[in-house]
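Peer 1: My questions all concern the structure below.
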Amino acid sequence: MIVLGLSGSLRAGSYNSRLLDVAADLLPEGVSLRRYDGLRDIPPYEEDVEAHDAVVALREAIGAADAVLIATPEYNSSIPGHLKNALDWASRPFPDNSLKGKPVAVIGASVGLFGAVWAQAELRKVLGTIGAKVLDVELPVGQANEAFTDTGLVDEDLTKALADILTQLVESAR
């Protein structure tokens, strides 16, 4: 089974990319996380143009995965623009797109106290509108600059919560 990991951050050393790395280590046996690192290459959404190689690659990666795990930062109390743009592309053709019925979980990390909770909520709303099978869970990793060790998360409760989310995601995909 394959879980596609999408980091909503393009930054080198991103806390959300690190969160996906931690998730990869917590997945049940027989399940692997495949990171999609092509968000930077996706052009602005334009309905008249559908054949961008980067868009095709994104849709194919989503289609090939059994489930999707998105780790998002929060930009100005919302979803990062490039992540929303990628989801706009992935939502086409509507209603029969690569996310339709696909199990998706949303988690997030930020250097603020609240761990991107608003971005996670908005992202779940967008994914539900697209037609994804969105898990009603969240994992706010606040003060992300202090939340990670070399191999995982400092807070054992967060680690357990992440493992629980991953279990739910995998079960939803089965």
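Identifiers in this document derive from the order of the structure tokens: chains are assigned A, B, ..., residues are numbered from 1 separately in each chain, and ligands are numbered from 1 in order of occurrence.
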For Val141 (chain A), work out the shell of residues within 9 Å, counting only C-alpha atoms and skipping chain neighbours fewer than 3 positions away, then give it as a list of chain:residue names.
Peer 2: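 Here the qualifying residues turn out to be A:Leu19, A:Ile107, A:Gly108, A:Ala109, A:Ser110, A:Val111, A:Gly112, A:Leu113, A:Phe114, A:Gly115, A:Ala116, A:Val117, A:Ala144, A:Ala147, A:Leu158.
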Peer 1: For Leu39 (chain A), list every protein, DNA or RNA residue within 8 Å, evaluated using only C-alpha atoms, and leave out those in the same chain fewer than 2 positions away; present the list as JSON, numbers by chain.
Peer 2: {"A": [10, 36, 37, 41, 42, 82, 83, 86]}
Peer 1: Please dump the current selection as a PDB file, in the first residue's frame; keep N, CA and C atoms.
Peer 2:
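Saved result, part-v1.pdb, follows:
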```pdb
ATOM      1  N   LEU A  10       7.472  24.633   0.524  1.00  0.00           N
ATOM      2  CA  LEU A  10       8.537  24.469  -0.467  1.00  0.00           C
ATOM      3  C   LEU A  10       9.916  24.719   0.134  1.00  0.00           C
ATOM      4  N   TYR A  36       5.745  13.390  -2.738  1.00  0.00           N
ATOM      5  CA  TYR A  36       5.630  14.107  -4.002  1.00  0.00           C
ATOM      6  C   TYR A  36       6.315  15.449  -3.811  1.00  0.00           C
ATOM      7  N   ASP A  37       7.368  15.686  -4.563  1.00  0.00           N
ATOM      8  CA  ASP A  37       8.157  16.902  -4.388  1.00  0.00           C
ATOM      9  C   ASP A  37       8.064  17.847  -5.584  1.00  0.00           C
ATOM     10  N   ASP A  41       6.850  22.995  -9.363  1.00  0.00           N
ATOM     11  CA  ASP A  41       6.806  23.015 -10.822  1.00  0.00           C
ATOM     12  C   ASP A  41       5.408  23.223 -11.399  1.00  0.00           C
ATOM     13  N   ILE A  42       4.402  23.237 -10.552  1.00  0.00           N
ATOM     14  CA  ILE A  42       3.028  23.346 -11.043  1.00  0.00           C
ATOM     15  C   ILE A  42       2.695  24.809 -11.325  1.00  0.00           C
ATOM     16  N   HIS A  82       0.451  27.912  -3.207  1.00  0.00           N
ATOM     17  CA  HIS A  82       0.900  26.894  -4.163  1.00  0.00           C
ATOM     18  C   HIS A  82       0.244  25.543  -3.899  1.00  0.00           C
ATOM     19  N   LEU A  83      -0.086  25.237  -2.634  1.00  0.00           N
ATOM     20  CA  LEU A  83      -0.781  23.990  -2.311  1.00  0.00           C
ATOM     21  C   LEU A  83      -2.223  24.054  -2.801  1.00  0.00           C
ATOM     22  N   ALA A  86      -2.240  23.610  -6.517  1.00  0.00           N
ATOM     23  CA  ALA A  86      -2.051  22.214  -6.915  1.00  0.00           C
ATOM     24  C   ALA A  86      -3.352  21.424  -6.756  1.00  0.00           C
TER      25      ALA A  86
END
```
Peer 1: Would you give me, as a list in words, the residues in region 38-146 of chain A that DSSP reads as strand (DSSP E)?
Peer 2: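 Matching residues for strand (DSSP E) in region 38-146 of chain A are Ala67, Val68, Leu69, Ile70, Ala71, Thr72, Pro103, Val104, Ala105, Val106, Ile107, Gly108, Ala109, Lys133, Val134, Pro140 and Val141 of chain A.
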Peer 1: Identify, on the basis of only C-alpha atoms, every residue whose closest approach to region 53-56 of chain A does not exceed 12 Å; exclude the query and any residue fewer than 3 positions from it along the same chain; express the result as JSON, numbers by chain.
Peer 2: {"A": [36, 37, 38, 39, 40, 41, 42, 43, 44, 45, 46, 49, 50, 59, 60, 61, 62, 63, 85, 86, 87, 88, 89, 90, 91, 92, 93, 97, 98]}
Peer 1: Please, which residues of region 116-167 of chain A, numbered as in this document, come out helix (DSSP H, G or I) from DSSP, as JSON, numbers by chain?
Peer 2: {"A": [117, 118, 119, 120, 121, 122, 123, 124, 125, 126, 127, 128, 129, 130, 144, 145, 146, 156, 157, 158, 159, 160, 161, 162, 163, 164, 165, 166, 167]}
Peer 1: Residues near Leu162 (chain A), anyone? I mean within 7 Å using only C-alpha atoms, not counting same-chain ones fewer than 4 positions away, as a ChimeraX atom specification.
Peer 2: /A:23,139,158,166
Peer 1: Pick out the closest residue to Asp25 (chain A) from this set: A:Gly101, A:Lys133, A:Gly152, A:Val126. Count only C-alpha atoms.
Peer 2: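 Nearest to Asp25 (chain A): A:Gly152.
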Peer 1: Just to confirm, what's the straight-line distance from CA of Arg18 (chain A) to CA of Phe148 (chain A) in Å (one decimal)?
Peer 2: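 Atom-to-atom, CA of Arg18 (chain A) to CA of Phe148 (chain A), that is 8.2 Å.
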Peer 1: For Asp164 (chain A), find every residue with an atom within 12 Å (counting only C-alpha atoms), except residues of its own chain fewer than 3 positions away, and show them as a compact mmCIF listing (two decimals) with all heavy atoms, in the first residue's frame.
Peer 2:
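Result file follows (result_15.txt):
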```txt
# COMPACT_ATOMS: atom_id res chain seq x y z
N ALA A 23 6.16 10.63 9.87
CA ALA A 23 5.01 9.79 9.52
C ALA A 23 5.46 8.54 8.78
O ALA A 23 4.95 7.44 9.04
CB ALA A 23 4.02 10.59 8.68
N LEU A 26 6.37 5.84 11.02
CA LEU A 26 5.29 5.34 11.88
C LEU A 26 4.25 4.51 11.14
O LEU A 26 3.35 3.95 11.78
CB LEU A 26 4.60 6.51 12.58
CG LEU A 26 5.43 7.32 13.57
CD1 LEU A 26 4.64 8.54 14.05
CD2 LEU A 26 5.86 6.46 14.74
N LEU A 27 4.36 4.43 9.83
CA LEU A 27 3.37 3.69 9.07
C LEU A 27 3.41 2.20 9.40
O LEU A 27 4.48 1.66 9.69
CB LEU A 27 3.61 3.87 7.56
CG LEU A 27 3.15 5.20 6.99
CD1 LEU A 27 3.72 5.41 5.60
CD2 LEU A 27 1.63 5.29 6.98
N PRO A 28 2.26 1.54 9.35
CA PRO A 28 2.24 0.11 9.61
C PRO A 28 3.08 -0.66 8.59
O PRO A 28 3.33 -0.17 7.48
CB PRO A 28 0.75 -0.25 9.46
CG PRO A 28 0.00 1.03 9.54
CD PRO A 28 0.95 2.10 9.09
N ALA A 105 -5.72 12.48 4.78
CA ALA A 105 -5.58 13.04 6.13
C ALA A 105 -4.73 14.30 6.03
O ALA A 105 -3.81 14.38 5.21
CB ALA A 105 -4.94 12.03 7.08
N LEU A 135 -10.48 12.44 6.25
CA LEU A 135 -10.58 12.02 7.65
C LEU A 135 -10.81 13.25 8.52
O LEU A 135 -10.17 14.29 8.31
CB LEU A 135 -9.30 11.32 8.10
CG LEU A 135 -9.21 9.82 7.82
CD1 LEU A 135 -9.18 9.52 6.35
CD2 LEU A 135 -7.99 9.25 8.50
N VAL A 137 -9.78 14.46 11.25
CA VAL A 137 -8.72 14.46 12.25
C VAL A 137 -7.81 15.65 11.98
O VAL A 137 -7.80 16.20 10.89
CB VAL A 137 -7.88 13.15 12.22
CG1 VAL A 137 -8.75 11.96 12.58
CG2 VAL A 137 -7.22 12.96 10.86
N GLU A 138 -7.04 16.03 13.00
CA GLU A 138 -6.02 17.05 12.81
C GLU A 138 -4.86 16.75 13.73
O GLU A 138 -5.01 16.05 14.74
CB GLU A 138 -6.56 18.45 13.06
CG GLU A 138 -6.95 18.74 14.49
CD GLU A 138 -7.51 20.15 14.67
OE1 GLU A 138 -7.77 20.84 13.68
OE2 GLU A 138 -7.68 20.56 15.82
N LEU A 139 -3.71 17.23 13.36
CA LEU A 139 -2.52 17.10 14.19
C LEU A 139 -1.81 18.44 14.17
O LEU A 139 -1.03 18.73 13.27
CB LEU A 139 -1.58 16.00 13.68
CG LEU A 139 -0.35 15.81 14.58
CD1 LEU A 139 -0.73 14.95 15.78
CD2 LEU A 139 0.78 15.16 13.81
N ASP A 157 2.94 12.30 23.07
CA ASP A 157 1.51 12.33 22.77
C ASP A 157 1.26 12.69 21.30
O ASP A 157 0.36 12.14 20.66
CB ASP A 157 0.78 13.31 23.68
CG ASP A 157 0.72 12.82 25.13
OD1 ASP A 157 0.81 11.60 25.36
OD2 ASP A 157 0.57 13.68 26.03
N LEU A 158 2.05 13.61 20.76
CA LEU A 158 1.93 13.95 19.34
C LEU A 158 2.32 12.77 18.47
O LEU A 158 1.68 12.51 17.44
CB LEU A 158 2.80 15.16 19.00
CG LEU A 158 2.27 16.54 19.36
CD1 LEU A 158 3.28 17.63 19.01
CD2 LEU A 158 0.94 16.81 18.66
N THR A 159 3.37 12.06 18.86
CA THR A 159 3.80 10.88 18.11
C THR A 159 2.69 9.84 18.08
O THR A 159 2.38 9.27 17.04
CB THR A 159 5.09 10.28 18.71
OG1 THR A 159 6.11 11.29 18.70
CG2 THR A 159 5.55 9.07 17.94
N LYS A 160 2.07 9.60 19.23
CA LYS A 160 0.97 8.63 19.32
C LYS A 160 -0.22 9.10 18.48
O LYS A 160 -0.84 8.31 17.76
CB LYS A 160 0.55 8.42 20.77
CG LYS A 160 -0.55 7.36 20.90
CD LYS A 160 -1.02 7.21 22.33
CE LYS A 160 -2.14 6.21 22.49
NZ LYS A 160 -3.11 6.09 21.44
N ALA A 161 -0.53 10.38 18.55
CA ALA A 161 -1.65 10.92 17.77
C ALA A 161 -1.38 10.77 16.27
O ALA A 161 -2.28 10.41 15.50
CB ALA A 161 -1.89 12.38 18.12
N THR A 167 -2.94 5.10 11.17
CA THR A 167 -3.71 3.86 11.23
C THR A 167 -5.09 4.07 10.64
O THR A 167 -5.58 3.25 9.84
CB THR A 167 -3.81 3.35 12.69
OG1 THR A 167 -2.48 3.07 13.15
CG2 THR A 167 -4.66 2.10 12.78
N GLN A 168 -5.75 5.18 11.00
CA GLN A 168 -7.07 5.49 10.45
C GLN A 168 -7.01 5.67 8.93
O GLN A 168 -7.90 5.21 8.20
CB GLN A 168 -7.64 6.75 11.09
CG GLN A 168 -8.04 6.60 12.53
CD GLN A 168 -8.54 7.93 13.08
OE1 GLN A 168 -9.39 8.59 12.48
NE2 GLN A 168 -7.99 8.34 14.21
N LEU A 169 -5.97 6.34 8.46
CA LEU A 169 -5.81 6.59 7.02
C LEU A 169 -5.66 5.27 6.26
O LEU A 169 -6.30 5.05 5.24
CB LEU A 169 -4.63 7.52 6.76
CG LEU A 169 -4.37 7.92 5.32
CD1 LEU A 169 -5.56 8.67 4.74
CD2 LEU A 169 -3.10 8.76 5.24
N VAL A 170 -4.81 4.40 6.78
CA VAL A 170 -4.57 3.10 6.13
C VAL A 170 -5.85 2.27 6.16
O VAL A 170 -6.21 1.65 5.15
CB VAL A 170 -3.38 2.38 6.80
CG1 VAL A 170 -3.29 0.94 6.37
CG2 VAL A 170 -2.08 3.12 6.51
N GLU A 171 -6.53 2.25 7.31
CA GLU A 171 -7.79 1.48 7.38
C GLU A 171 -8.83 2.03 6.41
O GLU A 171 -9.59 1.27 5.82
CB GLU A 171 -8.31 1.51 8.81
CG GLU A 171 -7.51 0.62 9.77
CD GLU A 171 -7.95 0.76 11.22
OE1 GLU A 171 -8.91 1.51 11.51
OE2 GLU A 171 -7.31 0.10 12.06
```
Peer 1: Nearest residue to Tyr75 (chain A) out of A:Met1, A:Ala119, A:Ala12, A:Ile130, using only C-alpha atoms?
Peer 2: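 Closest residue, counting only C-alpha atoms: A:Ala119.
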